[in-house]
>>> print(open('work_15.cif').read())   # mmCIF, C-alpha atoms and all ligand atoms
data_run
#
loop_
_atom_site.label_atom_id
_atom_site.label_comp_id
_atom_site.auth_asym_id
_atom_site.auth_seq_id
_atom_site.Cartn_x
_atom_site.Cartn_y
_atom_site.Cartn_z
CA MET O 528 99.27 79.13 133.73
CA ASN O 529 98.47 76.18 131.40
CA TRP O 530 95.93 78.27 129.51
CA MET O 531 98.78 80.24 128.00
CA GLU O 532 100.35 77.24 126.28
CA LYS O 533 96.95 76.30 124.86
CA GLU O 534 96.26 79.78 123.55
CA LEU O 535 99.77 80.11 122.15
CA SER O 536 99.45 76.85 120.22
CA ALA O 537 96.10 77.98 118.82
CA MET O 538 97.84 81.15 117.65
CA GLU O 539 100.62 79.06 116.12
CA ASP O 540 98.03 76.96 114.23
CA ALA O 541 96.43 80.12 112.83
CA SER O 542 99.85 81.52 111.75
CA LEU O 543 99.33 84.36 114.20
CA MET O 544 102.33 83.77 116.46
CA ARG O 545 104.68 86.71 116.87
CA THR O 546 108.32 86.33 117.81
CA LEU O 547 110.95 88.98 118.34
CA CYS O 548 113.44 88.78 115.46
CA LEU O 549 116.85 90.36 115.80
CA SER O 550 117.76 93.18 113.42
CA SER O 551 120.77 95.43 113.58
CA SER O 552 121.59 98.64 111.77
CA ILE O 553 124.64 99.48 109.71
CA LEU O 554 126.07 102.86 110.67
CA GLY O 555 125.87 105.27 107.74
CA CYS O 556 123.62 102.93 105.78
CA PRO O 557 120.04 103.60 106.89
CA GLY O 558 118.37 101.88 103.93
CA TYR O 559 119.60 98.46 105.07
CA THR O 560 119.23 96.18 108.07
CA VAL O 561 121.12 93.06 109.13
CA ARG O 562 119.37 89.82 110.05
CA GLY O 563 121.54 86.86 110.97
CA GLU O 564 124.56 87.20 108.74
CA ARG O 565 122.66 88.87 105.92
CA ARG O 566 122.38 92.47 104.84
CA LEU O 567 118.82 93.16 103.69
CA LEU O 568 117.27 96.10 101.89
CA ASN O 569 115.04 97.54 104.60
CA LEU O 570 111.52 97.99 103.25
CA SER O 571 109.98 97.76 106.72
CA SER O 572 111.21 100.86 108.50
CA ASN O 573 109.42 104.15 109.17
CA ASP O 574 112.65 106.12 108.74
CA TYR O 575 110.98 107.90 105.81
CA LEU O 576 113.49 110.73 105.43
CA GLY O 577 116.53 108.59 106.27
CA LEU O 578 117.45 110.76 109.28
CA SER O 579 118.06 107.91 111.74
CA GLN O 580 121.77 107.82 110.89
CA HIS O 581 122.32 111.55 110.33
CA PRO O 582 125.79 112.50 111.66
CA ALA O 583 124.61 115.90 112.95
CA ILE O 584 121.88 114.29 115.07
CA ILE O 585 124.27 111.67 116.42
CA GLU O 586 126.84 114.36 117.27
CA VAL O 587 124.47 116.63 119.24
CA MET O 588 123.14 113.63 121.14
CA ARG O 589 126.68 112.56 122.01
CA GLU O 590 127.62 116.07 123.18
CA GLU O 591 124.49 116.42 125.32
CA LEU O 592 125.01 112.98 126.83
CA LEU O 593 128.44 114.08 128.02
CA ILE O 594 127.03 117.28 129.55
CA GLU O 595 123.71 116.10 131.01
CA GLY O 596 124.28 112.40 131.69
CA SER O 597 122.11 109.53 130.66
CA GLY O 598 118.70 110.25 132.20
CA ALA O 599 116.46 113.13 133.28
CA GLY O 600 115.99 111.48 136.66
CA ALA O 601 112.39 112.52 137.25
CA SER O 602 109.21 113.66 135.51
CA ARG O 603 108.99 117.18 134.14
CA HIS O 604 106.77 118.19 137.06
CA VAL O 605 109.48 117.17 139.51
CA THR O 606 113.13 117.84 138.55
CA GLY O 607 113.25 116.36 135.03
CA ASN O 608 112.42 119.54 133.14
CA ARG O 609 115.27 121.24 131.26
CA ALA O 610 115.50 124.52 129.35
CA SER O 611 116.02 122.46 126.18
CA TYR O 612 112.45 121.09 126.47
CA GLY O 613 111.04 124.62 126.42
CA ARG O 614 113.25 125.61 123.49
CA LEU O 615 112.12 122.55 121.53
CA GLU O 616 108.46 123.28 122.28
CA GLU O 617 108.91 126.88 121.12
CA ALA O 618 110.51 125.65 117.90
CA LEU O 619 107.62 123.19 117.41
CA SER O 620 105.03 125.98 117.82
CA GLY O 621 106.89 128.09 115.26
CA TRP O 622 107.07 125.16 112.84
CA GLN O 623 103.37 124.37 113.20
CA ASN O 624 102.33 128.04 113.42
CA CYS O 625 100.31 127.37 116.57
CA GLU O 626 100.23 128.93 120.03
CA ALA O 627 101.89 126.14 121.98
CA ALA O 628 103.32 122.63 121.90
CA LEU O 629 104.09 119.82 124.33
CA VAL O 630 106.56 116.96 124.02
CA PHE O 631 105.52 113.43 125.05
CA ALA O 632 107.67 110.34 125.57
CA ASN O 633 106.26 108.60 122.48
CA GLY O 634 103.25 108.52 120.21
CA TYR O 635 101.48 105.83 122.18
CA MET O 636 101.65 107.89 125.36
CA ALA O 637 100.70 111.10 123.55
CA ASN O 638 97.54 109.56 122.11
CA SER O 639 96.51 107.79 125.27
CA GLY O 640 97.36 110.81 127.43
CA VAL O 641 95.61 113.39 125.29
CA ILE O 642 92.41 111.40 124.81
CA GLY O 643 92.28 110.55 128.52
CA ALA O 644 92.72 114.23 129.36
CA LEU O 645 90.03 115.49 127.00
CA VAL O 646 87.17 113.06 127.54
CA GLY O 647 85.76 110.78 130.23
CA ARG O 648 82.50 109.17 131.36
CA GLY O 649 79.52 110.74 129.60
CA ASP O 650 81.61 111.74 126.55
CA VAL O 651 82.10 110.11 123.15
CA VAL O 652 85.07 109.52 120.86
CA PHE O 653 84.37 109.10 117.14
CA SER O 654 87.26 107.04 115.85
CA ASP O 655 88.03 105.69 112.38
CA GLN O 656 87.91 101.89 112.32
CA LEU O 657 91.53 101.75 111.10
CA ASN O 658 93.00 104.21 113.62
CA HIS O 659 96.17 103.21 115.41
CA ALA O 660 95.88 100.99 118.49
CA SER O 661 97.10 103.80 120.77
CA ILE O 662 93.98 105.82 119.87
CA VAL O 663 91.71 102.86 120.62
CA ASP O 664 93.53 102.12 123.88
CA GLY O 665 93.45 105.79 124.91
CA THR O 666 89.70 105.87 124.36
CA ILE O 667 89.14 102.71 126.40
CA LEU O 668 91.28 104.10 129.22
CA SER O 669 89.38 107.40 129.17
CA ARG O 670 86.06 105.58 129.87
CA ALA O 671 84.35 107.65 127.18
CA GLU O 672 82.10 105.79 124.75
CA LEU O 673 83.93 104.53 121.65
CA ALA O 674 81.93 105.15 118.44
CA ARG O 675 83.94 103.57 115.63
CA TYR O 676 82.98 104.69 112.16
CA ARG O 677 83.69 102.67 109.02
CA HIS O 678 86.99 103.57 107.46
CA ASN O 679 86.83 107.10 105.97
CA ASP O 680 83.02 106.78 105.70
CA MET O 681 81.69 110.28 106.41
CA GLU O 682 78.06 109.23 106.07
CA HIS O 683 78.54 106.62 108.78
CA LEU O 684 80.29 109.20 110.95
CA ARG O 685 77.40 111.61 110.51
CA THR O 686 74.93 108.88 111.53
CA LEU O 687 76.93 108.22 114.69
CA MET O 688 77.26 111.94 115.44
CA ASN O 689 73.50 112.26 115.24
CA LYS O 690 73.07 109.26 117.51
CA TYR O 691 75.42 110.70 120.15
CA ARG O 692 74.35 114.31 119.70
CA ASP O 693 73.53 114.78 123.37
CA LYS O 694 76.81 113.59 124.81
CA ARG O 695 78.69 116.12 126.93
CA ARG O 696 82.00 116.34 124.99
CA LYS O 697 82.60 114.93 121.51
CA LEU O 698 86.00 114.16 120.06
CA ILE O 699 86.71 113.05 116.49
CA VAL O 700 90.09 111.34 116.12
CA THR O 701 91.80 110.13 112.99
CA ASP O 702 95.19 109.14 111.62
CA ALA O 703 96.08 111.63 108.84
CA VAL O 704 97.74 108.80 106.86
CA PHE O 705 96.70 105.32 107.94
CA SER O 706 99.63 103.31 109.20
CA MET O 707 98.90 99.97 107.54
CA ASP O 708 97.24 101.20 104.33
CA GLY O 709 98.96 104.49 103.51
CA ASP O 710 95.73 106.19 102.48
CA GLN O 711 94.65 109.61 103.74
CA ALA O 712 91.77 110.67 105.97
CA PRO O 713 89.23 113.11 104.44
CA LEU O 714 90.49 115.91 106.69
CA ARG O 715 88.44 118.71 105.11
CA GLU O 716 85.18 116.80 105.57
CA LEU O 717 86.14 115.92 109.14
CA ALA O 718 86.85 119.59 109.92
CA HIS O 719 83.47 120.48 108.47
CA LEU O 720 81.62 117.86 110.56
CA LYS O 721 83.45 118.91 113.71
CA CYS O 722 82.15 122.48 113.29
CA GLU O 723 78.65 121.35 112.43
CA TYR O 724 78.35 119.17 115.55
CA GLY O 725 80.43 121.25 117.97
CA ALA O 726 83.05 118.52 118.40
CA MET O 727 86.84 118.65 118.89
CA LEU O 728 89.08 117.29 116.12
CA MET O 729 92.36 115.48 116.82
CA VAL O 730 94.67 114.35 114.01
CA ASP O 731 97.58 111.93 114.36
CA GLU O 732 100.32 112.84 111.87
CA ALA O 733 102.66 109.95 112.79
CA HIS O 734 102.97 108.88 109.14
CA SER O 735 102.57 112.28 107.50
CA GLY O 736 104.69 114.61 109.65
CA GLY O 737 107.95 115.38 107.85
CA ILE O 738 106.52 114.17 104.55
CA TYR O 739 103.79 116.68 103.62
CA GLY O 740 103.96 120.48 103.70
CA ASP O 741 106.84 122.68 102.47
CA LEU O 742 108.56 122.36 105.85
CA GLY O 743 107.28 118.88 106.64
CA GLU O 744 104.49 120.23 108.87
CA GLY O 745 102.17 117.42 107.81
CA LEU O 746 99.01 116.79 105.86
CA CYS O 747 96.76 119.21 107.80
CA HIS O 748 99.08 122.03 106.84
CA GLU O 749 99.37 120.88 103.23
CA LEU O 750 95.56 120.83 102.91
CA GLY O 751 95.07 124.03 104.93
CA VAL O 752 92.90 122.25 107.52
CA ASP O 753 92.76 123.67 111.06
CA VAL O 754 92.49 121.11 113.83
CA ASP O 755 92.16 121.48 117.60
CA ILE O 756 94.72 118.85 118.56
CA HIS O 757 97.60 118.16 116.22
CA MET O 758 99.75 115.19 117.20
CA GLY O 759 102.83 113.68 115.59
CA THR O 760 105.84 111.52 116.43
CA PHE O 761 109.60 111.92 116.30
CA SER O 762 110.11 108.18 115.80
CA LYS O 763 109.37 108.00 112.08
CA SER O 764 110.33 110.83 109.69
CA PHE O 765 112.46 112.44 112.42
CA GLY O 766 114.49 109.26 112.88
CA VAL O 767 114.66 109.68 116.67
CA TYR O 768 112.00 109.00 119.36
CA GLY O 769 109.23 110.89 121.14
CA ALA O 770 106.08 112.76 120.15
CA TYR O 771 104.50 116.22 120.09
CA VAL O 772 101.09 117.74 120.53
CA CYS O 773 100.40 121.21 119.14
CA GLY O 774 97.40 123.47 119.63
CA SER O 775 96.17 126.43 121.66
CA ARG O 776 97.85 127.72 124.81
CA THR O 777 94.78 126.61 126.75
CA LEU O 778 95.01 123.05 125.37
CA ILE O 779 98.65 122.75 126.38
CA ARG O 780 98.01 124.19 129.86
CA TRP O 781 95.21 121.62 130.23
CA LEU O 782 97.47 118.74 129.14
CA VAL O 783 100.27 119.82 131.47
CA ASN O 784 97.73 119.46 134.29
CA LYS O 785 95.74 116.46 133.11
CA ALA O 786 97.73 114.17 130.78
CA ARG O 787 98.69 111.31 133.05
CA PRO O 788 101.52 109.84 130.89
CA LEU O 789 103.20 113.25 131.05
CA ILE O 790 102.66 113.73 134.77
CA TYR O 791 103.42 110.21 135.99
CA SER O 792 106.36 109.26 133.79
CA THR O 793 110.00 110.28 133.69
CA ALA O 794 111.01 113.02 131.24
CA LEU O 795 112.82 111.96 128.08
CA PRO O 796 116.63 112.01 128.46
CA PRO O 797 118.12 115.43 127.59
CA SER O 798 120.32 113.82 124.90
CA LEU O 799 117.16 112.72 123.10
CA ILE O 800 115.71 116.25 123.27
CA ALA O 801 118.94 117.51 121.68
CA GLY O 802 118.62 114.90 118.89
CA ILE O 803 114.95 115.73 118.28
CA SER O 804 115.74 119.47 118.13
CA LYS O 805 118.42 118.88 115.50
CA ALA O 806 116.09 116.57 113.57
CA LEU O 807 113.39 119.28 113.60
CA GLU O 808 115.90 121.68 112.05
CA LEU O 809 116.82 119.12 109.36
CA VAL O 810 113.19 118.21 108.60
CA GLN O 811 112.63 121.89 107.75
CA THR O 812 115.87 122.64 105.92
CA GLU O 813 116.63 119.43 104.00
CA HIS O 814 113.64 119.69 101.70
CA TRP O 815 115.43 117.51 99.14
CA ARG O 816 114.64 114.48 101.31
CA ARG O 817 110.88 115.01 100.78
CA VAL O 818 111.44 115.48 97.05
CA ARG O 819 113.55 112.33 96.84
CA LEU O 820 111.05 110.33 98.88
CA ARG O 821 108.26 111.37 96.53
CA GLU O 822 110.32 110.23 93.51
CA ALA O 823 111.08 106.92 95.19
CA VAL O 824 107.41 106.39 96.05
CA THR O 825 106.26 107.08 92.47
CA LEU O 826 108.89 104.73 91.05
CA PHE O 827 108.22 101.88 93.50
CA ARG O 828 104.44 102.09 93.22
CA SER O 829 104.58 102.07 89.41
CA SER O 830 107.15 99.22 89.37
CA LEU O 831 104.92 97.06 91.59
CA SER O 832 101.86 97.86 89.45
CA ALA O 833 103.79 97.00 86.29
CA ALA O 834 104.81 93.73 87.97
CA GLY O 835 101.11 92.86 88.26
CA PHE O 836 100.33 93.76 91.88
CA ASP O 837 97.19 95.60 92.89
CA VAL O 838 98.64 98.79 94.35
CA SER O 839 96.18 101.35 95.67
CA ALA O 840 96.52 104.90 94.38
CA GLY O 841 98.32 107.46 96.52
CA ASP O 842 101.61 109.11 97.28
CA SER O 843 102.40 107.69 100.70
CA PRO O 844 105.66 105.77 101.33
CA ILE O 845 103.47 103.06 102.92
CA VAL O 846 102.68 100.58 100.15
CA PRO O 847 100.77 97.45 101.20
CA ILE O 848 100.21 94.35 99.11
CA ILE O 849 97.14 92.66 100.56
CA ILE O 850 97.47 88.88 100.49
CA GLY O 851 94.65 87.86 102.82
CA ASP O 852 95.78 84.54 104.18
CA ASN O 853 98.11 84.66 107.22
CA ASP O 854 100.24 81.67 106.30
CA THR O 855 100.86 82.79 102.70
CA THR O 856 101.75 86.25 103.97
CA LEU O 857 104.31 84.78 106.37
CA ARG O 858 105.79 82.65 103.60
CA PHE O 859 105.89 85.69 101.31
CA SER O 860 107.86 87.63 103.90
CA GLY O 861 110.23 84.68 104.45
CA ALA O 862 110.84 84.31 100.72
CA LEU O 863 111.55 88.04 100.40
CA GLU O 864 114.15 87.70 103.13
CA GLU O 865 115.79 84.95 101.07
CA GLU O 866 115.83 87.47 98.20
CA GLY O 867 117.61 90.06 100.37
CA ILE O 868 114.57 92.17 101.32
CA ALA O 869 113.26 92.87 104.84
CA ALA O 870 109.48 93.30 104.53
CA VAL O 871 107.51 91.94 107.43
CA ALA O 872 104.14 90.22 107.37
CA ILE O 873 101.38 92.27 109.00
CA ARG O 874 98.57 90.09 110.37
CA PRO O 875 95.48 90.43 112.57
CA PRO O 876 94.84 91.97 115.03
CA THR O 877 97.03 94.75 113.61
CA VAL O 878 94.89 94.62 110.45
CA PRO O 879 91.34 93.26 110.02
CA GLU O 880 90.80 89.50 109.68
CA GLY O 881 91.44 88.25 106.12
CA THR O 882 93.58 91.25 105.11
CA ALA O 883 97.07 90.06 106.09
CA ARG O 884 99.63 91.90 104.02
CA ILE O 885 103.18 92.80 103.29
CA ARG O 886 103.54 96.45 104.24
CA PHE O 887 106.39 98.01 102.31
CA SER O 888 107.65 101.35 103.56
CA LEU O 889 110.14 103.48 101.68
CA SER O 890 112.84 105.91 102.62
CA ALA O 891 114.43 108.88 100.86
CA VAL O 892 117.74 107.00 101.02
CA HIS O 893 116.60 104.15 98.76
CA THR O 894 118.02 104.47 95.25
CA ASP O 895 116.12 103.93 92.00
CA LYS O 896 118.19 100.84 91.28
CA GLU O 897 117.47 99.30 94.68
CA LEU O 898 113.74 99.87 94.25
CA ILE O 899 113.54 98.57 90.67
CA ASP O 900 115.55 95.45 91.65
CA ALA O 901 113.34 94.99 94.71
CA ALA O 902 110.14 95.17 92.63
CA ALA O 903 111.55 92.49 90.29
CA ARG O 904 112.36 90.22 93.24
CA ILE O 905 108.95 90.83 94.81
CA ARG O 906 107.39 89.78 91.50
CA THR O 907 109.48 86.58 91.46
CA VAL O 908 108.24 85.69 94.94
CA GLY O 909 104.66 86.60 94.01
CA LEU O 910 104.81 84.19 91.06
CA GLN O 911 106.45 81.42 93.13
CA LEU O 912 103.72 81.61 95.79
CA GLY O 913 100.85 81.93 93.35
CA VAL O 914 99.98 85.41 94.62
CA LEU O 915 100.57 86.62 91.06
CA SER O 916 99.82 84.69 87.91
CA LEU O 917 101.50 85.06 84.51
C1 LIG V 1 99.43 106.29 113.61
C2 LIG V 1 100.35 106.03 114.76
N1 LIG V 1 100.16 106.72 115.89
C3 LIG V 1 100.95 106.52 116.97
C4 LIG V 1 101.99 105.62 116.94
C5 LIG V 1 102.82 105.40 118.16
O1 LIG V 1 104.01 106.11 118.04
P1 LIG V 1 105.30 105.66 118.87
O2 LIG V 1 105.96 104.58 118.09
O3 LIG V 1 106.12 106.93 118.95
O4 LIG V 1 104.83 105.21 120.20
C6 LIG V 1 102.24 104.91 115.77
C7 LIG V 1 103.39 103.98 115.73
O5 LIG V 1 103.52 102.99 115.29
C8 LIG V 1 101.39 105.10 114.66
O6 LIG V 1 101.56 104.38 113.55
#
>>> encode(input="work_15.cif", output="structure tokens")
Amino acid sequence: MNWMEKELSAMEDASLMRTLCLSSSILGCPGYTVRGERRLLNLSSNDYLGLSQHPAIIEVMREELLIEGSGAGASRHVTGNRASYGRLEEALSGWQNCEAALVFANGYMANSGVIGALVGRGDVVFSDQLNHASIVDGTILSRAELARYRHNDMEHLRTLMNKYRDKRRKLIVTDAVFSMDGDQAPLRELAHLKCEYGAMLMVDEAHSGGIYGDLGEGLCHELGVDVDIHMGTFSKSFGVYGAYVCGSRTLIRWLVNKARPLIYSTALPPSLIAGISKALELVQTEHWRRVRLREAVTLFRSSLSAAGFDVSAGDSPIVPIIIGDNDTTLRFSGALEEEGIAAVAIRPPTVPEGTARIRFSLSAVHTDKELIDAAARIRTVGLQLGVLSL
């Protein structure tokens, strides 16, 4: 096992070591986190709508826990299925205006399970270079060929689609909003290419579900783009845990029979299904959270730009500042913590080599004052570390 120590010290030298830091939440205060003895403004959470501490969600989960116990006890194909799963899936189909829906344990398992169920040897997956790791891993597991196209580059995608024209099944997969950059996929162009080449189109709405669309349906809905496989998570805007896949009745019947993470893994605990169902109701009815998030995003992005940072255009709550060098990025994150801000350093392999960054993510619960103060403190750190100049 000596090789491990060697590899770990090489990672340490390259400022690529990861350690598990302790964070705790403050009940009723979702915009903050506690590290050590300190309360920090949390600019590194995906709790975009601030639902993770919602009393109504907590209450239904508590009630269901007392009725159903702590675990489902088996997979849905055995004895883990409950009526509440079916009710949630019906509510999801209504929300997404599609024929059927299926709940998965989490986004990672949804992506890997769906891709593995749709394609195999002799098939091809066209995947954006910046897609989430679960999409890449799902493709590798499926044994289909992975054709990665340059980020959002439709000409490159077309070239690859021509190259793999004769493959049996073709699947295009993309994040709707990219998790580390916050930019959007060209969904209309992708839908057009999918029709032209007779491919399937799968969109991951992990970072856009809850945020776009009048009822939080996501970016596809906001842009009026029809996709074959619509996937999203309950772990971000919904403030809970789990994932969904929406599409045709045939797709869902296929997944129930073929998606291995669904078949060979225990069903989510009933208390979680109750929490997700309540969160789905709130995502649709508490529209003010989307409005507030949009205001917060506009204010924070313009404050960082005014402070001198290069902030890419867009309206996503994911706001990266690209620093490049791993060590400086780590020091930047450490200095922000000293300033009372939790904003973690994102380094390779999560992002491409030379593009280490601080990835800020906002929530509807952040106030204008908190965000303006934060931008001022981020500027101070930027000046101290020479990332910004006067
Ligand atoms: C784009 C994207 N897809 C999927 C996932 C995985 O979701 P989960 O955390 O529910 O496993 C993530 C989570 O980080 C993500 O960013």
>>> closest_residue(input="work_15.cif", among="O:Ala862, O:Ile873, O:His734, O:Tyr768", to="Asn573 in chain O", atoms="all atoms listed in the file")
O:His734
>>> closest_atom_pairs(input="work_15.cif", of="chain O", to="ligand LIG 1 (chain V)", cutoff="7 Å", atoms="all atoms listed in the file", output="Markdown table")
| residue | atom | partner | partner_atom | distance |
| --- | --- | --- | --- | --- |
| O:Asn633 | CA | V:LIG1 | O3 | 3.9 |
| O:Gly634 | CA | V:LIG1 | O1 | 3.3 |
| O:Tyr635 | CA | V:LIG1 | O4 | 3.9 |
| O:Met636 | CA | V:LIG1 | O4 | 6.6 |
| O:Asn638 | CA | V:LIG1 | C3 | 6.9 |
| O:Asn658 | CA | V:LIG1 | C1 | 6.8 |
| O:His659 | CA | V:LIG1 | C1 | 4.8 |
| O:Ser661 | CA | V:LIG1 | C3 | 6.1 |
| O:Asp702 | CA | V:LIG1 | C1 | 5.5 |
| O:Phe705 | CA | V:LIG1 | C1 | 6.4 |
| O:Ser706 | CA | V:LIG1 | O6 | 4.9 |
| O:Asp731 | CA | V:LIG1 | C1 | 6.0 |
| O:Glu732 | CA | V:LIG1 | C1 | 6.8 |
| O:Ala733 | CA | V:LIG1 | C1 | 4.9 |
| O:His734 | CA | V:LIG1 | C1 | 6.3 |
| O:Thr760 | CA | V:LIG1 | O3 | 5.2 |
| O:Phe761 | CA | V:LIG1 | O3 | 6.6 |
| O:Ser762 | CA | V:LIG1 | O3 | 5.2 |
| O:Tyr768 | CA | V:LIG1 | O3 | 6.2 |
| O:Gly769 | CA | V:LIG1 | O3 | 5.5 |
| O:Ala770 | CA | V:LIG1 | O3 | 6.0 |
>>> residues_around(input="work_15.cif", residues="Ala903 in chain O", least_positions_apart="5", cutoff="9 Å", atoms="all atoms listed in the file", output="list in words")
Ser830, Leu831, Ala834, Leu898 and Val908 of chain O
>>> axis_aligned_box(input="work_15.cif", around="range 636-643 of chain O", padding_each_side="3 Å", output="JSON")
{"center_x": 97.0, "center_y": 110.6, "center_z": 125.3, "size_x": 15.4, "size_y": 11.6, "size_z": 12.4}
>>> closest_atom_pairs(input="work_15.cif", of="range 621-651 of chain O", to="range 669-689 of chain O", cutoff="9 Å", atoms="only C-alpha atoms", output="JSON lines")
{"residue": "O:Ser639", "atom": "CA", "partner": "O:Ser669", "partner_atom": "CA", "distance": 8.1}
{"residue": "O:Gly640", "atom": "CA", "partner": "O:Ser669", "partner_atom": "CA", "distance": 8.9}
{"residue": "O:Ile642", "atom": "CA", "partner": "O:Ser669", "partner_atom": "CA", "distance": 6.6}
{"residue": "O:Gly643", "atom": "CA", "partner": "O:Ser669", "partner_atom": "CA", "distance": 4.3}
{"residue": "O:Ala644", "atom": "CA", "partner": "O:Ser669", "partner_atom": "CA", "distance": 7.6}
{"residue": "O:Leu645", "atom": "CA", "partner": "O:Ser669", "partner_atom": "CA", "distance": 8.4}
{"residue": "O:Val646", "atom": "CA", "partner": "O:Ala671", "partner_atom": "CA", "distance": 6.1}
{"residue": "O:Gly647", "atom": "CA", "partner": "O:Ala671", "partner_atom": "CA", "distance": 4.6}
{"residue": "O:Arg648", "atom": "CA", "partner": "O:Ala671", "partner_atom": "CA", "distance": 4.8}
{"residue": "O:Gly649", "atom": "CA", "partner": "O:Ala671", "partner_atom": "CA", "distance": 6.2}
{"residue": "O:Asp650", "atom": "CA", "partner": "O:Ala671", "partner_atom": "CA", "distance": 5.0}
{"residue": "O:Val651", "atom": "CA", "partner": "O:Glu672", "partner_atom": "CA", "distance": 4.6}
>>> write_last_selection(input="work_15.cif", atoms="C-alpha atoms", output="compact mmCIF listing (two decimals), in the frame of the given file")
# COMPACT_ATOMS: atom_id res chain seq x y z
CA SER O 639 96.51 107.79 125.27
CA GLY O 640 97.36 110.81 127.43
CA ILE O 642 92.41 111.40 124.81
CA GLY O 643 92.28 110.55 128.52
CA ALA O 644 92.72 114.23 129.36
CA LEU O 645 90.03 115.49 127.00
CA VAL O 646 87.17 113.06 127.54
CA GLY O 647 85.76 110.78 130.23
CA ARG O 648 82.50 109.17 131.36
CA GLY O 649 79.52 110.74 129.60
CA ASP O 650 81.61 111.74 126.55
CA VAL O 651 82.10 110.11 123.15
>>> atom_distance(input="work_15.cif", atom1="CA of Tyr612 in chain O", atom2="CA of Val754 in chain O")
23.6 Å
>>> atom_distance(input="work_15.cif", atom1="CA of Leu698 in chain O", atom2="CA of Met729 in chain O")
7.3 Å
>>> residues_around(input="work_15.cif", residues="Arg589 in chain O", least_positions_apart="6", cutoff="10 Å", atoms="only C-alpha atoms", output="number ranges by chain")
O: 583, 596, 798-799, 801-802
>>> atom_distance(input="work_15.cif", atom1="CA of Arg886 in chain O", atom2="CA of His581 in chain O")
24.9 Å
>>> closest_residue(input="work_15.cif", among="O:Gly759, O:Gly600, O:Gly725, O:Gly736", to="Leu629 in chain O", atoms="all atoms listed in the file")
O:Gly759
>>> closest_residue(input="work_15.cif", among="O:Asn569, O:Thr877, O:Ser620, O:Thr606", to="Ser792 in chain O", atoms="all atoms listed in the file")
O:Thr606
>>> closest_atom_pairs(input="work_15.cif", of="range 794-893 of chain O", to="range 530-544 of chain O", cutoff="10 Å", atoms="only C-alpha atoms", output="JSON lines")
{"residue": "O:Asp852", "atom": "CA", "partner": "O:Ser542", "partner_atom": "CA", "distance": 9.1}
{"residue": "O:Asn853", "atom": "CA", "partner": "O:Ser542", "partner_atom": "CA", "distance": 5.8}
{"residue": "O:Asp854", "atom": "CA", "partner": "O:Ser542", "partner_atom": "CA", "distance": 5.5}
{"residue": "O:Thr855", "atom": "CA", "partner": "O:Ser542", "partner_atom": "CA", "distance": 9.2}
{"residue": "O:Thr856", "atom": "CA", "partner": "O:Ser542", "partner_atom": "CA", "distance": 9.3}
{"residue": "O:Leu857", "atom": "CA", "partner": "O:Ser542", "partner_atom": "CA", "distance": 7.7}
{"residue": "O:Ile873", "atom": "CA", "partner": "O:Leu543", "partner_atom": "CA", "distance": 9.7}
{"residue": "O:Arg874", "atom": "CA", "partner": "O:Leu543", "partner_atom": "CA", "distance": 6.9}
{"residue": "O:Pro875", "atom": "CA", "partner": "O:Leu543", "partner_atom": "CA", "distance": 7.4}
{"residue": "O:Pro876", "atom": "CA", "partner": "O:Leu543", "partner_atom": "CA", "distance": 8.9}
